[in-house]
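Scroll down for the structure; my scribbles are underneath it.
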Amino acid sequence: MKNSTICIVQATPVLFDIEQTIQKVEEWINKASRYKPDLFVFPEAFIPGYPRGLTFGTKVGDRSDEGREVWLKLWENSISVPGTYTEQLGQIAKTANSWLVIGVIERGGSGSLYCTLLYFDSEGNLAGKHRKLKPTAAERIIWAEGNGDDLEVYSTSFGNIGGLICWENYMPLARTYLYKKGIQIYLAPTADQREGWQHSLKHIALEGRCFVIGCNQYVERKNYPELAGEDYSKFPEVMCKGGSVVIDPLGNTIAGPLWDKQGILTVELNMSLIAKSRLDFDPVGHYARDDVFELKKLR
C-alpha cells in the first residue's frame, strides 16, 4: 500500500457559532491543501466547540433558567445529520479532494445532543458517523449516549480508518472491536490536554499495531462568548493547550505533540510499518487467544 499523507488541524473554533466555525474549517483546509493530504482530521466537538468549564446552571436536583438559555444556544448551533451543514462540510472535502473527519455536536431527531464524529469521503459524501458511547462525567448533562451500532472502520485508498472519541479510548472492548475490523489509521479526537493522554495514545498504537492520530483544540478564555450565568473569572487564560500528535505502530512519536498554539501537523505515514510491527505482536492475529476469549458486539 502506498504511503498516506494526513493533516491534523489543531485550531480554535468560534464557540457557539456553527456558521463561523464551519468557515474556519474551510479556511484551515484551504491553508493546508497544498500538501494534498489524503485525510484531514479535526478535534472532538469542534463544531461548535467543546464547552469546557461551563455549568449550564446545573446542580444536583436543580437547573437554572439562565442555564437553559446557554443550553438553547448550544442546541441552536449544533448540527443535524444529515442536513444543510453536513452538505457544506461535504463540499469542503470534495473541493479539497480529501477525506475529512471532524468532531461535532449533533442534534438528534428527538432534540437530544450527541458528541459525534463525522466521516466525509473525497467526493463529499457523508460516509458515516459515530456517536460517543459514554460521555464522561459532567458531559452527561449535555450529551446523550450513542448506541454503538455506528462503530465502523472505513476502507479507503490510503488505509482503513476509524476511531473513538476522547475517553471512549479507555474502553478496552471498543478498541479490540476496531482492531478486529482491521483498523490501520486510528483516529482519537479529544478534549484531553493532559500529559498522561499522550501515554494512552502510545499504548493504543503499540497495542493495536496501527498509526494513532490524536487531535485536540487550542482555546483561550478570551475565545468564550458572554453567556448568562457563566462565571469565567476563575478560568485559566489557556483553556485547552492542545497536544495533537501522531504515533506510529511501534509507539514512536512522528509528529507533535503540538502545544500552546494553533497549527497543522502534516505527516506522511509509511504504511509498511504496520506489517513490520506485527512480526512480534498482532492483537487479533497470532497474539490473540480466540480459544480462550471471545468478543461479541451486541449492536
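The chains in the C-alpha cells are called A, B, ... from first to last as shown; in each chain the residues are counted from 1, and the ligands are counted from 1 in the order shown.
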
Selection: 10 Å around Phe56 (chain A), only C-alpha atoms, excl. self and same-chain fewer than 6 positions, as an mmCIF file with C-alpha atoms, in the first residue's frame:
```cif
data_model
loop_
_atom_site.group_PDB
_atom_site.id
_atom_site.type_symbol
_atom_site.label_atom_id
_atom_site.label_comp_id
_atom_site.auth_asym_id
_atom_site.auth_seq_id
_atom_site.Cartn_x
_atom_site.Cartn_y
_atom_site.Cartn_z
ATOM 1 C CA ARG A 63 -31.329 23.634 36.922
ATOM 2 C CA SER A 64 -31.441 27.398 36.397
ATOM 3 C CA ASP A 65 -33.324 29.401 33.767
ATOM 4 C CA GLU A 66 -30.032 31.018 32.707
ATOM 5 C CA GLY A 67 -28.503 27.577 32.238
ATOM 6 C CA ARG A 68 -31.371 26.575 29.973
ATOM 7 C CA GLU A 69 -30.649 29.659 27.855
ATOM 8 C CA VAL A 70 -26.998 28.570 27.489
ATOM 9 C CA TRP A 71 -28.189 25.075 26.569
ATOM 10 C CA LEU A 72 -30.523 26.562 23.958
ATOM 11 C CA ILE A 141 -25.594 16.638 31.479
ATOM 12 C CA ILE A 142 -25.498 17.843 27.871
ATOM 13 C CA LEU A 227 -23.118 33.546 28.385
ATOM 14 C CA ALA A 228 -25.703 34.274 31.056
ATOM 15 C CA GLY A 229 -24.894 32.760 34.440
ATOM 16 C CA GLU A 230 -21.417 31.519 33.469
#
```

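Neighbours of region 268-278 of chain A closer than or equal to 7 Å, with only C-alpha atoms counted and sequence neighbours fewer than 4 positions away skipped, come out as Met1, Lys2, Asn3, Ser4, Thr5, Ile6, Arg209, Cys210, Pro249, Leu250 and Asp282 of chain A.
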
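For the pair CA of Val41 (chain A) and CA of Pro189 (chain A), the separation is 8.0 Å.
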
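Among A:Asn77, A:Ser244, A:Ser112, A:Gln198, the residue with the shortest atom-to-atom distance to Ile213 (chain A), counting only C-alpha atoms, is A:Ser244.
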
Name all residues at most 7 Å from region 114-119 of chain A (count only C-alpha atoms; drop same-chain ones fewer than 2 positions away) and give them as a ChimeraX atom specification. /A:45,100-107,112,121,126-132,143-145

Could you please write out, as a PyMOL selection string, every residue of region 60-142 of chain A that DSSP assigns to strand (DSSP E or B)? chain A and resi 62-63+79+99-107+113-120+126-131

Of A:Asp62, A:Asp17, A:Glu27, A:Glu44, the one nearest to Cys215 (chain A) when counting only C-alpha atoms is A:Glu44

10 Å contact set for Ile92 (chain A), only C-alpha atoms, chain neighbours under 3 positions out, as an NGL selection string: :A and (22-23 or 25-27 or 29-30 or 86-89 or 95-100 or 120 or 122-124)

Would you save the residues from that selection as a PDB file, in the first residue's frame, using C-alpha atoms?
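Generated output (selection.pdb):
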```pdb
ATOM      1  CA  ILE A  22     -17.542  25.917   9.505  1.00  0.00           C
ATOM      2  CA  GLN A  23     -15.943  28.912   7.812  1.00  0.00           C
ATOM      3  CA  VAL A  25     -12.828  24.664   8.900  1.00  0.00           C
ATOM      4  CA  GLU A  26     -12.756  25.773   5.268  1.00  0.00           C
ATOM      5  CA  GLU A  27     -10.001  28.313   5.945  1.00  0.00           C
ATOM      6  CA  ILE A  29      -8.339  23.174   4.920  1.00  0.00           C
ATOM      7  CA  ASN A  30      -7.557  25.750   2.234  1.00  0.00           C
ATOM      8  CA  THR A  86     -23.191  18.435   6.543  1.00  0.00           C
ATOM      9  CA  GLU A  87     -23.697  19.331   2.881  1.00  0.00           C
ATOM     10  CA  GLN A  88     -21.384  22.310   3.358  1.00  0.00           C
ATOM     11  CA  LEU A  89     -18.745  20.154   5.043  1.00  0.00           C
ATOM     12  CA  THR A  95     -13.135  20.730  -3.143  1.00  0.00           C
ATOM     13  CA  ALA A  96     -10.013  19.631  -1.270  1.00  0.00           C
ATOM     14  CA  ASN A  97     -10.269  16.135  -2.817  1.00  0.00           C
ATOM     15  CA  SER A  98      -9.558  14.713   0.640  1.00  0.00           C
ATOM     16  CA  TRP A  99     -11.349  12.753   3.303  1.00  0.00           C
ATOM     17  CA  LEU A 100     -12.479  14.873   6.256  1.00  0.00           C
ATOM     18  CA  PHE A 120     -16.737  12.607   4.657  1.00  0.00           C
ATOM     19  CA  SER A 122     -13.102  12.836  -1.014  1.00  0.00           C
ATOM     20  CA  GLU A 123     -16.229  13.018  -3.202  1.00  0.00           C
ATOM     21  CA  GLY A 124     -18.033  14.938  -0.487  1.00  0.00           C
TER      22      GLY A 124
END
```

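CA of Asp38 (chain A) is found 10.3 Å from CA of Ala93 (chain A).
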
Closest to Glu220 (chain A) among A:Val14, A:Leu187, A:Leu173, A:Ile8, using only C-alpha atoms? A:Val14

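Relative to CA of Asp290 (chain A), CA of Ala188 (chain A) is found at 26.7 Å.
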
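Nearest residue to Gly49 (chain A) among A:Ser110, A:Gln217, A:Asn252, A:Ser233 is A:Gln217, counting only C-alpha atoms.
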
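The shell of residues at most 12 Å from Lys234 (chain A), with only C-alpha atoms counted and near chain neighbours (fewer than 4 positions) removed, consists of Gly53, Leu54, Arg221, Glu230, Val238 and Met239 of chain A.
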
Pick from A:Ala32, A:Val284, A:Leu279, A:Val246: nearest to Gly208 (chain A), with only C-alpha atoms counted? A:Val284

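Proximity of A:Phe16, A:Tyr170, A:Phe281, A:Phe42 to Trp28 (chain A), computed with only C-alpha atoms, is greatest for A:Phe42.
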